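Heads up: the structure comes next, in structure tokens.
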Amino acid sequence: MRLGNAARVSVVLLGWTTIPSLASPPASEDASRLKAWKEDIQFLSSTLPRKDRSFSPSARNEFSHELAQLEGSLARLDDDEILVTLSKAVALSGNAHTRLRLDPTPSGAFSTQFPIRAWFFQDGAYVIRTSPEYEKALACRVIAIDGHQLSQVRKDVAVLFSGNEPWTDYLIPVYLESPGVLHGLGIISDQNQATFRFEDTAGHRFDLPVRARVIQETWETWQELSPAFQPSPQISVTASIPSQLPLYLRHPEKAYWFEFLPDRRLLYFQFNVSDNAEDGPSFQSFSDSLLAFALAHQVETTIVDLRQNSGGNLEVARDFFRNLENNERINRPGRLFVITGRCTFSAGLYHAAQLKQFTHAIFVGEPVGDRLDYWAEGGRIALPHSEAAIEYADGFHRYSSKEYPENRPYYASLSIPSLEPDIPVKMTSKDYFSGRDPALEAILPRIPR
């Protein structure tokens, strides 16, 4: 079974064509549109409760009530408002794996984006990537969108999906780039353009009208942090950081890789995707080579970097992480560190929990992107007319010691007190733009030389 790689909602910033404004449909077309939406709502109302097990009884009742209210309000809502309302209803599950996705649909929903990629650092949301015409915004803090302060926009958007604060910080930028979402929430009035207000490094504020573009490709949100990630021939503009990238940004295209730092006898292993690499060795072959390397070299300290692992298939690396308990070269007290972050989610979170329970690992970084006990597995349904995609969950993961008789049998079970970092580390915009890695910097002084 697979755990959803839940953040695969990011999109390219170039190669788009601007979409024209759409005229109001004739009355006959509008009647057909309303009929289609009514059928979509009825399909969702009958299908999701049967497939998804994460809704509590009260949340299930509230979900049904919200959909009934929406069905009665269709005549006065446009498509964006309907999709936003559906997203809010699905989020009542209280489970981060159950949500209406922002993937572009064949029918045209979520098919455009503002070419401004922001990342929430400790000191605010800063632009890390954009298209050439908006290069002025790079490394600037986002202040407002169409006159709405970002702090309020964040609150308005956060009700469209469920999850803890770290996961919210991870997903919010994707929603802020969606004209459909912002229009459906009433934050912008024009689906094709919005005025963003920025603050530059000198503290000067300026407004920048930004046009929406048609989406052409998708990839993982975290990959855009690295200037080394250039998936399109039409290279998007990234923020300027030192050419010697920190380790965590050097290989955004790889599912897993390791590097040995001989001066510190340190083995750094970054595990980004819990699955077999599409264009590389299987994880079994890779992990065999990693263990053989550790045995053949004077590895005294190991770092497992899970901060960008948003999930995949937990079965692929389950045995590897479980067996580290008996690996005396790696599982050494005071010499094994695990880096986590907001994107440590789903299968990535499972592997973090394994390391917590079965090894002497010291945890460093940000809190993970979900609770210890959560629903996952499941699958995806598509609404018949709008073709909007909704993920559902039907397998319970219990990593705390708490019992949930009503959720048995558990899909996966561990027993740990917490995944809170032993050494909490936050990253500021200054850290990022200067090419620093505070998590690694927190570890190195703790390694005897």
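Lettering and numbering for the structure tokens are positional, with chains as A, B, ... in the shown order, residues counted from 1 in each chain, and ligands counted from 1 in the shown order.
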
Can you list every residue in range 24-197 of chain A that DSSP puts in strand (DSSP E), as a PyMOL selection string?
chain A and resi 99-100+112-113+116-121+124-130+141-145+148-149+193-197

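Among the candidates A:Asn61, A:Ser131, A:Ser162, A:Ser310, the residue lying nearest to Val90 in chain A is A:Ser162 (atoms considered: only C-alpha atoms).
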
Residues within 7 Å of Thr112 in chain A, only C-alpha atoms, excluding chain neighbours under 2 positions, as an MDAnalysis selection string:
chainID A and resid 110 178:179 212:215

Residues as selected, C-alpha atoms, written as a compact mmCIF listing (two decimals), in the first residue's frame, can you do that?
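Writing the result to selection22.txt gives the following:
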```txt
# COMPACT_ATOMS: atom_id res chain seq x y z
CA PHE A 110 -7.02 24.93 -11.22
CA SER A 178 -3.90 29.69 -7.36
CA PRO A 179 -6.13 32.34 -8.97
CA ALA A 212 -1.98 34.39 -14.27
CA ARG A 213 -0.56 31.81 -16.67
CA VAL A 214 -1.65 28.36 -17.83
CA ILE A 215 0.01 25.49 -15.97
```

Show me a table, sorted first by chain and then by increasing residue number, of the residues of range 296-387 of chain A having an atom at most 9 Å from range 235-251 of chain A, each with its shortest atom pair and the distance in Å to one decimal, counting only C-alpha atoms and written as JSON lines.
```
{"residue": "A:Asp305", "atom": "CA", "partner": "A:Tyr248", "partner_atom": "CA", "distance": 7.9}
{"residue": "A:Arg307", "atom": "CA", "partner": "A:Tyr248", "partner_atom": "CA", "distance": 8.9}
{"residue": "A:Gln308", "atom": "CA", "partner": "A:Tyr248", "partner_atom": "CA", "distance": 8.9}
```

Just write the chosen residues, C-alpha atoms, as a PDB file, in the first residue's frame.
```
ATOM      1  CA  ASP A 305      17.868  13.915   6.300  1.00  0.00           C
ATOM      2  CA  ARG A 307      13.083  17.050   5.989  1.00  0.00           C
ATOM      3  CA  GLN A 308      11.880  16.910   2.350  1.00  0.00           C
TER       4      GLN A 308
END
```

Could I get the residues of range 80-143 of chain A with an atom no further than 8 Å from an atom of range 198-204 of chain A, each paired with its nearest atom pair and that distance in Å to one decimal, using only C-alpha atoms, sorted by chain and residue number, as a tab-separated table?
```
residue	atom	partner	partner_atom	distance
A:Ala137	CA	A:Phe198	CA	6.9
A:Ala139	CA	A:Asp200	CA	7.2
A:Cys140	CA	A:Asp200	CA	4.6
A:Arg141	CA	A:Glu199	CA	5.1
A:Val142	CA	A:Phe198	CA	4.7
A:Ile143	CA	A:Phe198	CA	5.3
```

Would you pick out the contacts of Asn309 in chain A at 6 Å or less, using only C-alpha atoms, so that residues sharing its chain but fewer than 3 positions from it are not included, and give the list as a list in words?
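Contacts, with the query itself left out: Asn272, Val273, Leu306, Thr344 and Gly348 of chain A.
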
Show which residues sit within 9 Å of Trp37 in chain A, as a PyMOL selection string. Count only C-alpha atoms, and ignore same-chain residues fewer than 5 positions away.
chain A and resi 32+42+71+74+79+82+385-386

Could you pull out the residues in range 23-104 of chain A that DSSP calls alpha helix (DSSP H) from the backbone, as a PyMOL selection string?
chain A and resi 27-51+57-73+79-90

Can you spit out the residues from that selection as a compact mmCIF listing (two decimals), in the first residue's frame, using N, CA and C atoms?
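Below is the file that was written, part-v9.txt:
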```
# COMPACT_ATOMS: atom_id res chain seq x y z
N ALA A 27 -28.15 31.49 -20.65
CA ALA A 27 -28.98 30.89 -19.60
C ALA A 27 -29.05 29.38 -19.72
N SER A 28 -29.13 28.84 -20.96
CA SER A 28 -29.22 27.39 -21.14
C SER A 28 -27.94 26.71 -20.67
N GLU A 29 -26.80 27.34 -20.97
CA GLU A 29 -25.53 26.77 -20.52
C GLU A 29 -25.41 26.84 -19.01
N ASP A 30 -25.91 27.91 -18.42
CA ASP A 30 -25.82 28.04 -16.97
C ASP A 30 -26.69 26.98 -16.29
N ALA A 31 -27.86 26.70 -16.85
CA ALA A 31 -28.71 25.66 -16.29
C ALA A 31 -28.02 24.30 -16.36
N SER A 32 -27.35 24.06 -17.47
CA SER A 32 -26.61 22.81 -17.61
C SER A 32 -25.45 22.74 -16.62
N ARG A 33 -24.80 23.89 -16.42
CA ARG A 33 -23.70 23.95 -15.46
C ARG A 33 -24.18 23.64 -14.06
N LEU A 34 -25.30 24.24 -13.66
CA LEU A 34 -25.84 23.99 -12.33
C LEU A 34 -26.24 22.54 -12.14
N LYS A 35 -26.80 21.94 -13.18
CA LYS A 35 -27.18 20.53 -13.12
C LYS A 35 -25.94 19.65 -12.93
N ALA A 36 -24.86 20.00 -13.65
CA ALA A 36 -23.63 19.23 -13.53
C ALA A 36 -23.05 19.35 -12.12
N TRP A 37 -23.06 20.56 -11.56
CA TRP A 37 -22.53 20.74 -10.22
C TRP A 37 -23.38 19.99 -9.20
N LYS A 38 -24.68 20.01 -9.39
CA LYS A 38 -25.55 19.30 -8.47
C LYS A 38 -25.23 17.81 -8.47
N GLU A 39 -24.98 17.27 -9.65
CA GLU A 39 -24.65 15.85 -9.75
C GLU A 39 -23.28 15.56 -9.13
N ASP A 40 -22.34 16.50 -9.30
CA ASP A 40 -21.02 16.34 -8.67
C ASP A 40 -21.14 16.30 -7.15
N ILE A 41 -21.94 17.22 -6.61
CA ILE A 41 -22.11 17.30 -5.16
C ILE A 41 -22.77 16.03 -4.63
N GLN A 42 -23.78 15.56 -5.33
CA GLN A 42 -24.46 14.35 -4.89
C GLN A 42 -23.53 13.14 -4.96
N PHE A 43 -22.69 13.10 -5.99
CA PHE A 43 -21.71 12.02 -6.11
C PHE A 43 -20.72 12.05 -4.94
N LEU A 44 -20.22 13.24 -4.62
CA LEU A 44 -19.29 13.37 -3.52
C LEU A 44 -19.95 13.01 -2.20
N SER A 45 -21.18 13.45 -2.01
CA SER A 45 -21.90 13.21 -0.77
C SER A 45 -22.13 11.72 -0.52
N SER A 46 -22.34 10.97 -1.59
CA SER A 46 -22.60 9.54 -1.43
C SER A 46 -21.34 8.69 -1.47
N THR A 47 -20.29 9.18 -2.15
CA THR A 47 -19.09 8.36 -2.36
C THR A 47 -18.04 8.54 -1.28
N LEU A 48 -17.71 9.79 -0.93
CA LEU A 48 -16.62 10.00 0.02
C LEU A 48 -16.90 9.37 1.38
N PRO A 49 -18.10 9.52 1.97
CA PRO A 49 -18.34 8.89 3.28
C PRO A 49 -18.21 7.37 3.25
N ARG A 50 -18.46 6.76 2.08
CA ARG A 50 -18.33 5.31 1.99
C ARG A 50 -16.87 4.87 1.91
N LYS A 51 -16.03 5.69 1.29
CA LYS A 51 -14.65 5.31 1.07
C LYS A 51 -13.70 5.81 2.16
N PRO A 57 -18.06 10.75 13.46
CA PRO A 57 -19.51 10.84 13.21
C PRO A 57 -20.00 12.28 13.13
N SER A 58 -19.53 13.15 14.01
CA SER A 58 -19.98 14.54 13.98
C SER A 58 -19.46 15.25 12.73
N ALA A 59 -18.21 14.97 12.34
CA ALA A 59 -17.65 15.59 11.13
C ALA A 59 -18.38 15.09 9.90
N ARG A 60 -18.78 13.82 9.91
CA ARG A 60 -19.53 13.26 8.77
C ARG A 60 -20.88 13.97 8.62
N ASN A 61 -21.54 14.23 9.74
CA ASN A 61 -22.82 14.94 9.70
C ASN A 61 -22.63 16.37 9.21
N GLU A 62 -21.57 17.02 9.69
CA GLU A 62 -21.30 18.39 9.26
C GLU A 62 -20.96 18.44 7.78
N PHE A 63 -20.22 17.45 7.31
CA PHE A 63 -19.88 17.35 5.89
C PHE A 63 -21.16 17.26 5.04
N SER A 64 -22.06 16.40 5.43
CA SER A 64 -23.33 16.24 4.69
C SER A 64 -24.14 17.53 4.73
N HIS A 65 -24.15 18.20 5.88
CA HIS A 65 -24.88 19.45 6.01
C HIS A 65 -24.29 20.53 5.10
N GLU A 66 -22.95 20.64 5.07
CA GLU A 66 -22.31 21.66 4.23
C GLU A 66 -22.59 21.41 2.75
N LEU A 67 -22.58 20.15 2.34
CA LEU A 67 -22.87 19.87 0.93
C LEU A 67 -24.33 20.18 0.58
N ALA A 68 -25.23 19.91 1.52
CA ALA A 68 -26.64 20.23 1.27
C ALA A 68 -26.82 21.74 1.17
N GLN A 69 -26.14 22.49 2.03
CA GLN A 69 -26.19 23.95 1.96
C GLN A 69 -25.63 24.45 0.64
N LEU A 70 -24.53 23.86 0.21
CA LEU A 70 -23.92 24.26 -1.06
C LEU A 70 -24.86 23.99 -2.23
N GLU A 71 -25.49 22.84 -2.21
CA GLU A 71 -26.40 22.50 -3.31
C GLU A 71 -27.53 23.51 -3.41
N GLY A 72 -27.98 24.03 -2.29
CA GLY A 72 -29.05 25.02 -2.29
C GLY A 72 -28.58 26.41 -2.67
N SER A 73 -27.27 26.62 -2.74
CA SER A 73 -26.72 27.95 -3.03
C SER A 73 -26.08 28.04 -4.41
N ASP A 79 -17.97 29.00 -10.34
CA ASP A 79 -17.26 27.72 -10.21
C ASP A 79 -16.17 27.78 -9.16
N ASP A 80 -15.42 28.88 -9.11
CA ASP A 80 -14.36 28.99 -8.11
C ASP A 80 -14.92 28.93 -6.70
N GLU A 81 -16.02 29.62 -6.47
CA GLU A 81 -16.62 29.62 -5.13
C GLU A 81 -17.13 28.23 -4.76
N ILE A 82 -17.65 27.51 -5.75
CA ILE A 82 -18.13 26.15 -5.49
C ILE A 82 -16.97 25.23 -5.11
N LEU A 83 -15.88 25.30 -5.86
CA LEU A 83 -14.73 24.44 -5.58
C LEU A 83 -14.12 24.74 -4.22
N VAL A 84 -14.04 26.02 -3.87
CA VAL A 84 -13.52 26.40 -2.56
C VAL A 84 -14.42 25.86 -1.45
N THR A 85 -15.72 25.94 -1.64
CA THR A 85 -16.65 25.42 -0.64
C THR A 85 -16.54 23.91 -0.52
N LEU A 86 -16.37 23.22 -1.64
CA LEU A 86 -16.15 21.77 -1.60
C LEU A 86 -14.88 21.44 -0.84
N SER A 87 -13.84 22.22 -1.08
CA SER A 87 -12.57 21.99 -0.40
C SER A 87 -12.72 22.15 1.11
N LYS A 88 -13.45 23.17 1.53
CA LYS A 88 -13.71 23.37 2.96
C LYS A 88 -14.46 22.18 3.55
N ALA A 89 -15.44 21.67 2.81
CA ALA A 89 -16.24 20.55 3.32
C ALA A 89 -15.39 19.30 3.47
N VAL A 90 -14.55 19.01 2.48
CA VAL A 90 -13.68 17.83 2.54
C VAL A 90 -12.70 17.95 3.70
```

Just checking: using only C-alpha atoms, which residue out of A:Ile381, A:Ile423, A:Leu290, A:Leu324 ends up closest to Thr359 in chain A?
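Among A:Ile381, A:Ile423, A:Leu290, A:Leu324, it is A:Leu324 that comes nearest to Thr359 in chain A.
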
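CA of Ile303 in chain A to CA of Val338 in chain A spans 5.8 Å [interatomic distance, one decimal].
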
Min atom-atom distance to Leu372 in chain A from the set A:Arg129, A:Phe433, A:Glu441, A:Asn164, counting only C-alpha atoms, belongs to A:Asn164

Need the shell around Gln122 in chain A: protein/DNA/RNA residues with any atom at most 7 Å away, counting only C-alpha atoms. Skip same-chain ones fewer than 2 positions apart. Format as a VMD selection string?
chain A and resid 120 124 426 to 428

File of the preceding selection, C-alpha atoms, as a PDB file, in the first residue's frame:
```pdb
ATOM      1  CA  PHE A 120       7.332  30.540   4.708  1.00  0.00           C
ATOM      2  CA  GLY A 124       7.809  35.596   6.918  1.00  0.00           C
ATOM      3  CA  LYS A 426      14.104  27.183  12.447  1.00  0.00           C
ATOM      4  CA  MET A 427      15.304  28.623   9.169  1.00  0.00           C
ATOM      5  CA  THR A 428      15.111  32.351   8.478  1.00  0.00           C
TER       6      THR A 428
END
```
